[in-house]
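**Q** This is the structure I have questions about; it appears just below.
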Amino acid sequence: MLAALVCAGAAAQYTPSESNLEARREFSEKRLGIFLHWGIYSSFAQGEWYLQNAQLDSTVYMAAAGSFCPSKFDAEAWAEAFSDAGAGYVTLTSRHHDGFSMFATAQSPFNIVDGTPYGRDVLGELTEAVKSKGMKMHYYYSLLDWIRPDYPKGYEYGIPKTDSLADYNHYLEFEKAQIRELLAYGPAAFWFDGMWDQPEGFDWRLSEIYELIHSVDSACLIGNNHHRAPLEGEDFQMFERDLPGENLGGFSAGAPISLLPLETCETMNGSWGYCEWDTNYKSLKEIVDLLVRSVAKDANLLLNIGPMASGELPEPALERLKELGRWMRDHGESVNGCGASGLAPQPWGVTTLSSDHLYIHILEPSGLPDDGIIRFKFRGKTFWVMVPSIIDPIDTIIAIKL
């Protein structure tokens with residue numbers, strides 16, 4: 001009898017539902033996603049880590065909510081810009097490390113509806129607009145909190161915090177209550193972050209969170225930006241500022257590439273949240289390069305924009321979205337519905353594979369052989385491809401029907 005009780009209390013192995021497996025397939029069909037880091041930190045225009053980086057008093061920081069009024073926010077216009085750019089889904093920071101919630105929550109007054117003069121549920125409005133355009137909505141959710149006293153003091157916290165008030169059981173119940181609220185909006189995925197904030201061995205009790213989500217909506221995908229192999233209950237694996245297996249960003253050292261759907265996230269300029277001084281936006285060429293190289297690694301690209309406190313998307317970001325949309329309308333078939341071909345990257349670029357086409361992406365013409373002939377073996381056959389004399393400066397794409 002004792003053995004039976006022990007087994008009954010053990011966590012069951014996660015088996016994804018058929019609807020979840022279908023959601024994974026859909027996730028990997030539309031290769032471009034838009035990431036949005038937006039909160040009261042936008043009011044300071046110094047990035048999403050301003051509370052931590054500037055070592056502000058938390059009461060001073062929280063007071064910024066009293067003047068946060070994004071009156072120029074237009075959910076329909078945002079959704080249209082993302083859809084026109086060729087995005088298949090949008091990921092919004094529902095709650096970042098500062099603990100401010102961008103949705104209507106009964107769990108804390110520190111939210112955009114109850115704690116600001118704006119008083120509108122931007123997450124709800126954007127979710128509805130995004131879905132109306134045929135895109136999926138994903139929610140970023142921070143597992144850590146720089147302000148709440150019940151969250152245990154973590155590695156990155158430099159602002160004074162009383163350890164005696166820490167109560168992770170209480171904090172976890174708060175999180176689960178918020179996640180139940182978010183599930184009511186019908187998200188297609190959750191994007192968790194922040195596990196690096198506690199020492200190795202800290203019990204986040206993720207299984208309780210994951211089981212909650214899948215019990216309410218078994219199709220809802222779960223990913224966690226913990227920079228390690230996927231854990232039980234997770235449905236996709238992400239790589240921060242990195243292509244799978246490359247670890248150029250320094251976040252994923254030793255993290256194996258799983259068989260789950262993959263995603264790489266990267267900023268459009270150099271910042272996640274809005275920074276007035278960061279005007280170094282990537283060119284269309286750089287963005288296309290990121291997208292194509294991601295797909296060649298069998299991964300999506302989640303491209304980040306930091307909206308302004310006014311509720312507007314920065315003009316350079318809007319321009320890049322328009323440029324990207326034109327490119328996607330002409331060449332989207334070489335990324336959407338495509339994945340890795342099995343051919344290694346070459347000095348000239350990469351290849352992507354659909355069900356019936358192999359796409360050669362010449363991203364670096366200087367890396368082409370002197371005779372202009374690309375040679376490779378694919379599925380037991382040798383291919384010789386003469387590169388056209390006219391080279392597209394963004395991406396010269398050669399489609400081979402299989």
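Labels used: A, B, ... for chains in the order of the structure tokens, numbers from 1 for residues in each chain, and numbers from 1 for ligands as shown.
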I want to know what sits within 8 Å of A:Lys401, based on only C-alpha atoms, with residues of the same chain fewer than 6 positions away left out; could you give that as a ChimeraX atom specification?

**A** /A:356-358

**Q** For the interface of stretch 199-278 of chain A with stretch 306-326 of chain A (cut-off 12 Å, counting only C-alpha atoms), please tabulate each contacting residue of stretch 199-278 of chain A alongside its nearest pair of atoms and their separation in Å to one decimal, rows sorted by chain and increasing number, as a Markdown table.

**A**
| residue | atom | partner | partner_atom | distance |
| --- | --- | --- | --- | --- |
| A:Glu266 | CA | A:Gly306 | CA | 11.7 |
| A:Thr267 | CA | A:Gly306 | CA | 8.7 |
| A:Met268 | CA | A:Ala317 | CA | 7.3 |
| A:Asn269 | CA | A:Ala317 | CA | 8.6 |
| A:Gly270 | CA | A:Gly306 | CA | 10.2 |
| A:Ser271 | CA | A:Gly306 | CA | 7.5 |
| A:Trp272 | CA | A:Gly306 | CA | 5.8 |
| A:Gly273 | CA | A:Gly306 | CA | 4.4 |
| A:Tyr274 | CA | A:Gly306 | CA | 4.3 |
| A:Cys275 | CA | A:Gly306 | CA | 7.7 |
| A:Glu276 | CA | A:Met308 | CA | 8.8 |
| A:Asp278 | CA | A:Gly306 | CA | 10.5 |

**Q** Put those residues in a file: N, CA and C atoms, as a PDB file, in the first residue's frame.

**A**
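The result, stored in out-v6.pdb:
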ATOM      1  N   GLU A 266      15.724  37.507 -31.341  1.00  0.00           N
ATOM      2  CA  GLU A 266      16.753  38.524 -31.555  1.00  0.00           C
ATOM      3  C   GLU A 266      16.084  39.893 -31.630  1.00  0.00           C
ATOM      4  N   THR A 267      16.836  40.913 -31.255  1.00  0.00           N
ATOM      5  CA  THR A 267      16.319  42.277 -31.267  1.00  0.00           C
ATOM      6  C   THR A 267      16.418  42.900 -32.654  1.00  0.00           C
ATOM      7  N   MET A 268      15.507  43.862 -32.923  1.00  0.00           N
ATOM      8  CA  MET A 268      15.565  44.557 -34.197  1.00  0.00           C
ATOM      9  C   MET A 268      16.681  45.599 -34.183  1.00  0.00           C
ATOM     10  N   ASN A 269      16.939  46.175 -32.999  1.00  0.00           N
ATOM     11  CA  ASN A 269      18.129  47.038 -32.854  1.00  0.00           C
ATOM     12  C   ASN A 269      19.061  46.324 -31.877  1.00  0.00           C
ATOM     13  N   GLY A 270      19.443  46.933 -30.771  1.00  0.00           N
ATOM     14  CA  GLY A 270      20.286  46.235 -29.811  1.00  0.00           C
ATOM     15  C   GLY A 270      19.614  46.032 -28.475  1.00  0.00           C
ATOM     16  N   SER A 271      18.332  46.440 -28.361  1.00  0.00           N
ATOM     17  CA  SER A 271      17.648  46.450 -27.071  1.00  0.00           C
ATOM     18  C   SER A 271      16.326  45.709 -27.154  1.00  0.00           C
ATOM     19  N   TRP A 272      15.910  45.138 -26.018  1.00  0.00           N
ATOM     20  CA  TRP A 272      14.597  44.487 -25.962  1.00  0.00           C
ATOM     21  C   TRP A 272      13.506  45.519 -25.711  1.00  0.00           C
ATOM     22  N   GLY A 273      13.637  46.285 -24.631  1.00  0.00           N
ATOM     23  CA  GLY A 273      12.681  47.356 -24.369  1.00  0.00           C
ATOM     24  C   GLY A 273      13.083  48.615 -25.101  1.00  0.00           C
ATOM     25  N   TYR A 274      12.160  49.597 -25.192  1.00  0.00           N
ATOM     26  CA  TYR A 274      12.441  50.821 -25.936  1.00  0.00           C
ATOM     27  C   TYR A 274      13.591  51.613 -25.312  1.00  0.00           C
ATOM     28  N   CYS A 275      14.573  51.972 -26.115  1.00  0.00           N
ATOM     29  CA  CYS A 275      15.701  52.817 -25.709  1.00  0.00           C
ATOM     30  C   CYS A 275      15.798  53.970 -26.690  1.00  0.00           C
ATOM     31  N   GLU A 276      15.646  55.189 -26.196  1.00  0.00           N
ATOM     32  CA  GLU A 276      15.660  56.335 -27.089  1.00  0.00           C
ATOM     33  C   GLU A 276      17.027  56.539 -27.748  1.00  0.00           C
ATOM     34  N   ASP A 278      19.099  54.035 -28.613  1.00  0.00           N
ATOM     35  CA  ASP A 278      19.475  52.893 -29.449  1.00  0.00           C
ATOM     36  C   ASP A 278      18.795  53.002 -30.808  1.00  0.00           C
TER      37      ASP A 278
END

**Q** Apply DSSP to the backbone of this structure and, from stretch 150-341 of chain A, keep only the residues in alpha helix (DSSP H); write these as a PyMOL selection string.

**A** chain A and resi 168-183+206-216+284-296+315-331

**Q** Set the distance at 9 Å and use only C-alpha atoms: which residues neighbour A:Ile391 once local chain neighbours fewer than 4 positions away are removed? I'd like the list as a compact mmCIF listing (two decimals) with C-alpha atoms, in the first residue's frame.

**A**
# COMPACT_ATOMS: atom_id res chain seq x y z
CA ILE A 362 23.02 33.04 -51.61
CA PRO A 365 28.16 36.32 -52.92
CA VAL A 387 24.61 31.02 -60.19
CA ASP A 395 19.30 37.13 -50.91
CA THR A 396 19.60 35.44 -54.28

**Q** For A:Ile159, which of A:Asn300, A:Thr105, A:Ser142, A:Thr59 is the closest residue, counting only C-alpha atoms?

**A** A:Thr59

**Q** May I have the residues within 12 Å of A:Ile400 as a PyMOL selection string, using only C-alpha atoms and disregarding those fewer than 5 positions away in the same chain?

**A** chain A and resi 334+351-361+378+383-385

**Q** I need the residues in stretch 348-383 of chain A that are strand (DSSP E) according to DSSP; give them as number ranges by chain.

**A** A: 349-353, 357-362, 373-378, 381-383

**Q** Can you tell me, as an MDAnalysis selection string, what residues are no more than 9 Å from stretch 195-211 of chain A when counting only C-alpha atoms, ignoring any on the same chain fewer than 6 positions away?

**A** chainID A and resid 11 14 142:144 152:157 168 172 175:176 179 222 224:227 232:234

**Q** Store the residues picked out above, limited to C-alpha atoms, as an mmCIF file, in the first residue's frame.

**A**
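Ended up saving to result.cif:
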data_model
loop_
_atom_site.group_PDB
_atom_site.id
_atom_site.type_symbol
_atom_site.label_atom_id
_atom_site.label_comp_id
_atom_site.auth_asym_id
_atom_site.auth_seq_id
_atom_site.Cartn_x
_atom_site.Cartn_y
_atom_site.Cartn_z
ATOM 1 C CA ALA A 11 4.614 13.339 -11.396
ATOM 2 C CA TYR A 14 4.168 14.339 -20.019
ATOM 3 C CA SER A 142 8.578 36.291 -16.047
ATOM 4 C CA LEU A 143 9.114 33.697 -13.332
ATOM 5 C CA LEU A 144 11.016 36.209 -11.202
ATOM 6 C CA PRO A 152 12.989 35.162 -2.900
ATOM 7 C CA LYS A 153 15.902 37.491 -3.499
ATOM 8 C CA GLY A 154 17.759 36.337 -6.610
ATOM 9 C CA TYR A 155 21.211 36.670 -8.122
ATOM 10 C CA GLU A 156 20.414 39.681 -10.288
ATOM 11 C CA TYR A 157 18.650 41.719 -7.648
ATOM 12 C CA TYR A 168 7.768 31.094 -2.549
ATOM 13 C CA LEU A 172 3.742 30.527 -6.768
ATOM 14 C CA GLU A 175 1.701 33.175 -10.452
ATOM 15 C CA LYS A 176 -0.710 30.317 -10.992
ATOM 16 C CA ILE A 179 -1.685 32.224 -15.485
ATOM 17 C CA ILE A 222 5.068 25.942 -23.383
ATOM 18 C CA ASN A 224 11.131 28.317 -21.200
ATOM 19 C CA ASN A 225 14.187 30.500 -21.771
ATOM 20 C CA HIS A 226 16.350 28.614 -19.271
ATOM 21 C CA HIS A 227 19.272 28.022 -21.693
ATOM 22 C CA GLU A 232 9.418 17.738 -18.884
ATOM 23 C CA GLY A 233 6.225 19.435 -20.039
ATOM 24 C CA GLU A 234 7.817 21.854 -22.510
#

**Q** Could you check which of A:Pro149, A:Gly39, A:Gly47, A:Pro369 is closest to A:Asn111, using only C-alpha atoms?

**A**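 For A:Asn111, the nearest of the given residues is A:Gly39.
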
**Q** If you measure from atom CA of A:Ile305 to atom CA of A:Gln178, what distance in Å do you get, rounded to one decimal?

**A**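 Taking atom CA of A:Ile305 and atom CA of A:Gln178, their separation equals 24.5 Å.
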
**Q** Could you check which of A:Glu80, A:His138, A:Tyr151, A:His96 is closest to A:Asp167, using only C-alpha atoms?

**A**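 Nearest candidate to A:Asp167 out of A:Glu80, A:His138, A:Tyr151, A:His96: A:Tyr151.
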
**Q** Please compute the atom CA of A:Gly66-atom CA of A:Ala184 distance, one decimal, in Å.

**A**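 Computing it gives 26.9 Å between the two atoms.
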